[in-house]
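Enquirer: This is my_file_23.pdb, which holds PDB, C-alpha atoms:
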ATOM      1  CA  MET O  73     -18.802   5.386   0.530
ATOM      2  CA  ALA O  74     -20.900   2.422   1.676
ATOM      3  CA  ALA O  75     -22.877   4.712   3.985
ATOM      4  CA  LEU O  76     -23.816   6.858   0.996
ATOM      5  CA  LEU O  77     -25.192   3.816  -0.805
ATOM      6  CA  MET O  78     -27.375   2.730   2.128
ATOM      7  CA  PRO O  79     -31.069   3.533   1.812
ATOM      8  CA  ARG O  80     -32.395   6.296   4.043
ATOM      9  CA  ARG O  81     -34.433   3.872   6.172
ATOM     10  CA  ASN O  82     -31.177   2.445   7.586
ATOM     11  CA  LYS O  83     -30.164   5.768   9.118
ATOM     12  CA  GLY O  84     -31.781   4.828  12.432
ATOM     13  CA  MET O  85     -29.818   1.589  12.562
ATOM     14  CA  ARG O  86     -26.556   3.410  11.826
ATOM     15  CA  THR O  87     -27.370   5.822  14.655
ATOM     16  CA  ARG O  88     -28.043   2.941  17.064
ATOM     17  CA  LEU O  89     -24.890   1.111  16.046
ATOM     18  CA  GLY O  90     -22.773   4.246  16.291
ATOM     19  CA  CYS O  91     -22.913   4.057  20.071
ATOM     20  CA  LEU O  92     -21.462   0.544  19.941
ATOM     21  CA  SER O  93     -18.205   1.755  18.461
ATOM     22  CA  HIS O  94     -17.377   3.160  21.904
ATOM     23  CA  LYS O  95     -16.406   1.105  24.950
ATOM     24  CA  SER O  96     -19.280   0.144  27.266
ATOM     25  CA  ASP O  97     -17.828   2.140  30.148
ATOM     26  CA  SER O  98     -17.976   5.349  28.104
ATOM     27  CA  CYS O  99     -21.374   4.995  26.494
ATOM     28  CA  SER O 100     -24.069   6.779  28.480
ATOM     29  CA  ASP O 101     -26.798   7.228  25.877
ATOM     30  CA  PHE O 102     -28.343   3.785  26.068
ATOM     31  CA  THR O 103     -31.516   4.904  24.317
ATOM     32  CA  ALA O 104     -29.633   4.965  21.025
ATOM     33  CA  ILE O 105     -29.119   1.203  20.953
ATOM     34  CA  LEU O 106     -32.366  -0.095  22.361
ATOM     35  CA  PRO O 107     -35.108  -1.301  20.028
ATOM     36  CA  ASP O 108     -37.903   1.068  19.057
ATOM     37  CA  LYS O 109     -40.534  -1.565  19.809
ATOM     38  CA  PRO O 110     -41.282  -2.246  23.471
ATOM     39  CA  ASN O 111     -40.135  -5.666  24.624
ATOM     40  CA  ARG O 112     -42.779  -7.317  26.798
ATOM     41  CA  ALA O 113     -40.174  -9.366  28.640
ATOM     42  CA  LEU O 114     -38.158  -6.281  29.595
ATOM     43  CA  ASN O 115     -40.962  -3.997  30.836
ATOM     44  CA  TYR O 116     -38.745  -1.057  29.843
ATOM     45  CA  SER O 117     -38.640   0.116  26.242
ATOM     46  CA  ARG O 118     -36.015   2.844  26.824
ATOM     47  CA  ILE O 119     -33.402   3.422  29.518
ATOM     48  CA  ASP O 120     -32.593   7.056  30.145
ATOM     49  CA  VAL O 121     -30.242   8.241  32.870
ATOM     50  CA  PHE O 122     -32.314  11.406  33.296
ATOM     51  CA  PHE O 123     -35.500   9.350  33.712
ATOM     52  CA  PHE O 124     -33.943   7.289  36.482
ATOM     53  CA  SER O 125     -32.339  10.216  38.249
ATOM     54  CA  ARG O 126     -35.790  11.855  38.467
ATOM     55  CA  ARG O 127     -37.335   8.821  40.170
ATOM     56  CA  LEU O 128     -34.329   7.667  42.132
ATOM     57  CA  SER O 129     -32.800   9.078  45.259
ATOM     58  CA  THR O 130     -29.038   9.452  45.438
ATOM     59  CA  GLU O 131     -29.090   7.186  48.480
ATOM     60  CA  GLU O 132     -30.807   4.389  46.540
ATOM     61  CA  ALA O 133     -28.427   4.625  43.583
ATOM     62  CA  THR O 134     -25.429   4.773  45.907
ATOM     63  CA  ARG O 135     -26.634   1.645  47.717
ATOM     64  CA  TRP O 136     -26.379  -0.312  44.438
ATOM     65  CA  ALA O 137     -22.608  -0.194  44.972
ATOM     66  CA  ASP O 138     -22.977  -1.909  48.376
ATOM     67  CA  SER O 139     -23.581  -5.297  46.811
ATOM     68  CA  PHE O 140     -24.790  -6.971  43.668
ATOM     69  CA  ASP O 141     -27.827  -8.329  45.521
ATOM     70  CA  VAL O 142     -28.842  -4.812  46.574
ATOM     71  CA  LEU O 143     -28.735  -3.787  42.897
ATOM     72  CA  LEU O 144     -30.861  -6.810  41.922
ATOM     73  CA  SER O 145     -33.436  -6.028  44.605
ATOM     74  CA  HIS O 146     -34.208  -2.585  43.163
ATOM     75  CA  LYS O 147     -36.341  -2.318  40.013
ATOM     76  CA  TYR O 148     -34.430   0.688  38.667
ATOM     77  CA  GLY O 149     -31.165  -1.048  39.530
ATOM     78  CA  VAL O 150     -32.183  -4.060  37.456
ATOM     79  CA  ALA O 151     -33.292  -1.828  34.576
ATOM     80  CA  ALA O 152     -30.052   0.193  34.589
ATOM     81  CA  PHE O 153     -27.940  -2.956  34.839
ATOM     82  CA  ARG O 154     -29.924  -4.523  31.969
ATOM     83  CA  ALA O 155     -29.216  -1.482  29.787
ATOM     84  CA  PHE O 156     -25.534  -1.748  30.602
ATOM     85  CA  LEU O 157     -25.471  -5.483  29.811
ATOM     86  CA  LYS O 158     -27.123  -4.796  26.457
ATOM     87  CA  THR O 159     -24.120  -2.674  25.489
ATOM     88  CA  GLU O 160     -21.903  -5.649  26.288
ATOM     89  CA  PHE O 161     -24.170  -8.103  24.471
ATOM     90  CA  SER O 162     -24.579 -10.140  27.662
ATOM     91  CA  GLU O 163     -28.109  -9.318  28.804
ATOM     92  CA  GLU O 164     -28.987 -13.022  28.514
ATOM     93  CA  ASN O 165     -27.267 -13.581  31.860
ATOM     94  CA  LEU O 166     -29.585 -11.202  33.677
ATOM     95  CA  GLU O 167     -32.632 -12.384  31.717
ATOM     96  CA  PHE O 168     -31.858 -15.982  32.715
ATOM     97  CA  TRP O 169     -31.394 -15.027  36.361
ATOM     98  CA  LEU O 170     -34.702 -13.113  36.355
ATOM     99  CA  ALA O 171     -36.498 -15.984  34.589
ATOM    100  CA  CYS O 172     -35.256 -18.353  37.304
ATOM    101  CA  GLU O 173     -36.476 -16.014  40.040
ATOM    102  CA  GLU O 174     -39.907 -15.854  38.404
ATOM    103  CA  PHE O 175     -39.869 -19.629  37.868
ATOM    104  CA  LYS O 176     -39.374 -20.207  41.613
ATOM    105  CA  LYS O 177     -42.728 -18.508  42.231
ATOM    106  CA  THR O 178     -44.581 -21.106  40.094
ATOM    107  CA  ARG O 179     -47.163 -23.041  42.108
ATOM    108  CA  SER O 180     -48.892 -25.086  39.414
ATOM    109  CA  THR O 181     -47.164 -28.404  38.654
ATOM    110  CA  ALA O 182     -48.355 -28.343  35.044
ATOM    111  CA  LYS O 183     -47.002 -24.822  34.507
ATOM    112  CA  LEU O 184     -43.778 -25.716  36.307
ATOM    113  CA  VAL O 185     -42.847 -28.381  33.752
ATOM    114  CA  SER O 186     -43.609 -26.224  30.704
ATOM    115  CA  LYS O 187     -41.832 -23.175  32.175
ATOM    116  CA  ALA O 188     -38.780 -25.282  33.053
ATOM    117  CA  HIS O 189     -38.493 -26.609  29.511
ATOM    118  CA  ARG O 190     -38.975 -23.130  28.043
ATOM    119  CA  ILE O 191     -36.196 -21.672  30.223
ATOM    120  CA  PHE O 192     -33.898 -24.589  29.436
ATOM    121  CA  GLU O 193     -34.460 -24.285  25.689
ATOM    122  CA  GLU O 194     -34.095 -20.492  25.743
ATOM    123  CA  PHE O 195     -30.991 -20.154  27.947
ATOM    124  CA  VAL O 196     -29.299 -23.418  28.959
ATOM    125  CA  ASP O 197     -29.359 -25.864  26.062
ATOM    126  CA  VAL O 198     -26.364 -25.898  23.720
ATOM    127  CA  GLN O 199     -26.993 -23.406  20.905
ATOM    128  CA  ALA O 200     -29.986 -21.919  22.765
ATOM    129  CA  PRO O 201     -31.115 -18.572  21.306
ATOM    130  CA  ARG O 202     -29.865 -16.741  24.405
ATOM    131  CA  GLU O 203     -27.372 -19.312  25.697
ATOM    132  CA  VAL O 204     -25.757 -18.398  29.020
ATOM    133  CA  ASN O 205     -22.097 -19.043  29.691
ATOM    134  CA  ILE O 206     -21.984 -22.031  32.064
ATOM    135  CA  ASP O 207     -19.602 -24.950  32.263
ATOM    136  CA  PHE O 208     -20.327 -28.391  30.795
ATOM    137  CA  GLN O 209     -20.947 -30.045  34.200
ATOM    138  CA  THR O 210     -23.510 -27.427  35.212
ATOM    139  CA  ARG O 211     -25.244 -27.651  31.844
ATOM    140  CA  GLU O 212     -25.434 -31.449  32.092
ATOM    141  CA  ALA O 213     -26.648 -31.376  35.710
ATOM    142  CA  THR O 214     -29.387 -28.964  34.653
ATOM    143  CA  ARG O 215     -30.252 -31.197  31.698
ATOM    144  CA  LYS O 216     -30.694 -34.128  34.119
ATOM    145  CA  ASN O 217     -32.903 -31.960  36.314
ATOM    146  CA  MET O 218     -35.208 -31.489  33.318
ATOM    147  CA  GLN O 219     -36.226 -35.169  33.583
ATOM    148  CA  GLU O 220     -38.211 -34.234  36.697
ATOM    149  CA  PRO O 221     -38.343 -30.432  36.915
ATOM    150  CA  SER O 222     -38.681 -28.884  40.356
ATOM    151  CA  LEU O 223     -38.462 -25.359  41.753
ATOM    152  CA  THR O 224     -34.740 -25.944  42.353
ATOM    153  CA  CYS O 225     -33.815 -27.439  38.959
ATOM    154  CA  PHE O 226     -31.980 -24.274  37.838
ATOM    155  CA  ASP O 227     -30.328 -23.408  41.154
ATOM    156  CA  GLN O 228     -26.830 -24.526  40.178
ATOM    157  CA  ALA O 229     -26.908 -22.784  36.781
ATOM    158  CA  GLN O 230     -28.500 -19.674  38.273
ATOM    159  CA  GLY O 231     -25.803 -19.558  40.944
ATOM    160  CA  LYS O 232     -23.036 -19.791  38.326
ATOM    161  CA  VAL O 233     -24.586 -16.997  36.252
ATOM    162  CA  HIS O 234     -25.102 -14.833  39.360
ATOM    163  CA  SER O 235     -21.458 -15.335  40.327
ATOM    164  CA  LEU O 236     -20.286 -14.521  36.799
ATOM    165  CA  MET O 237     -22.285 -11.267  36.707
ATOM    166  CA  GLU O 238     -21.215 -10.318  40.236
ATOM    167  CA  LYS O 239     -17.505 -10.815  39.557
ATOM    168  CA  ASP O 240     -17.393  -9.584  35.980
ATOM    169  CA  SER O 241     -20.197  -7.326  34.744
ATOM    170  CA  TYR O 242     -21.218  -5.706  38.045
ATOM    171  CA  PRO O 243     -17.817  -4.061  38.755
ATOM    172  CA  ARG O 244     -17.730  -2.710  35.186
ATOM    173  CA  PHE O 245     -21.273  -1.380  35.624
ATOM    174  CA  LEU O 246     -20.201   0.500  38.769
ATOM    175  CA  ARG O 247     -17.322   2.100  36.808
ATOM    176  CA  SER O 248     -19.485   2.858  33.768
ATOM    177  CA  LYS O 249     -20.244   6.376  32.635
ATOM    178  CA  MET O 250     -23.935   5.522  32.775
ATOM    179  CA  TYR O 251     -23.889   4.701  36.497
ATOM    180  CA  LEU O 252     -21.624   7.642  37.330
ATOM    181  CA  ASP O 253     -23.871   9.999  35.338
ATOM    182  CA  LEU O 254     -26.919   8.635  37.127
ATOM    183  CA  LEU O 255     -25.322   9.346  40.507
ATOM    184  CA  SER O 256     -24.208  12.794  39.380
ATOM    185  CA  GLN O 257     -27.639  13.786  38.061
ATOM    186  CA  SER O 258     -29.469  12.538  41.133
ATOM    187  CA  GLN O 259     -27.065  14.511  43.347
ATOM    188  CA  ARG O 260     -27.498  17.661  41.208
ATOM    189  CA  ARG O 261     -31.242  17.349  41.586
ATOM    190  CA  LEU O 262     -30.865  17.627  45.366
ATOM    191  CA  SER O 263     -28.669  20.756  45.174
TER     192      SER O 263
END
As structure tokens, please, write out the structure in this file.
Expert:
Amino acid sequence: MAALLMPRRNKGMRTRLGCLSHKSDSCSDFTAILPDKPNRALNYSRIDVFFFSRRLSTEEATRWADSFDVLLSHKYGVAAFRAFLKTEFSEENLEFWLACEEFKKTRSTAKLVSKAHRIFEEFVDVQAPREVNIDFQTREATRKNMQEPSLTCFDQAQGKVHSLMEKDSYPRFLRSKMYLDLLSQSQRRLS
């Protein structure tokens, strides 16, 4: 009854949210839950298994199962994993890890300090908008590192988040319908 009372403009939101009623491992249409507006930080506005299978060799996609680091070293691997994490509402872990990787490339001391504080406020601080799941000791050690930010100030927190994703989210990603469909479609393309 409530759906009948909703204005027509909410139909798109109901469609997006409909996918979330299914378990992450069984949801392969990730385009239904991603925002319509492109997100500058993501560089991918829509994730489509067909799109990836067209640009991805079966060998490359299969190699993602070799190790988590192999997955993270491939741009389509990162994009597919990000889409999967979005279905689990845990994309902040990957976004933090990627922000740390980008941060390590900073050469300007002035930019280093401002970037460090931005990352800390966005991901590490208690009640941060996209707070990552790290223990109290790691959070406090990172807070102390903010007194004199350096290229290594997030290493401990980044390592904890990497380990969490590798042990938890990555195995589920490899079992997900999305990843299995991607492999299947890339193999069909070769036949």
Enquirer: Have a look at O:Gln209, O:Ser186, O:Gln199, O:Ser248 and name the one nearest to Pro221 of chain O; count only C-alpha atoms.
Expert: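 For Pro221 of chain O, the nearest of the given residues is O:Ser186.
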Enquirer: Do you know which residues the PyMOL selection byres ((chain O and resi 176) around 12) returns on this file, as a list in words?
Expert: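 Matching residues under the PyMOL selection byres ((chain O and resi 176) around 12) are Trp169, Leu170, Ala171, Cys172, Glu173, Glu174, Phe175, Lys177, Thr178, Arg179, Ser180, Thr181, Lys183, Leu184, Val185, Lys187, Ala188, Ile191, Pro221, Ser222, Leu223, Thr224, Cys225, Phe226, Asp227 and Gln230 of chain O.
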Enquirer: Find the distance between atom CA of Phe192 of chain O and atom CA of Trp136 of chain O and write it in Å to one decimal.
Expert: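 If I compute the distance from atom CA of Phe192 of chain O to atom CA of Trp136 of chain O, I get 29.5 Å.
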Enquirer: Using the file's own x, y and z axes, so that the box edges lie along x, y and z, what centre and edge lengths in Å (one decimal) does a box around every listed atom of segment 217-224 of chain O get when 6 Å is added on each side? Give it as lines of an AutoDock Vina configuration file.
Expert:
center_x = -35.8
center_y = -30.3
center_z = 37.8
size_x = 17.8
size_y = 21.8
size_z = 21.0
Enquirer: Any idea what the distance is between atom CA of Glu164 of chain O and atom CA of Ser139 of chain O?
Expert: 20.6 Å
Enquirer: Let me make sure I understand: among O:Val196, O:Leu144, O:Met218, O:Ala152, which one has the smallest atom-to-atom distance to Phe168 of chain O if we use only C-alpha atoms?
Expert: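 Among the listed residues, O:Val196 lies closest to Phe168 of chain O.
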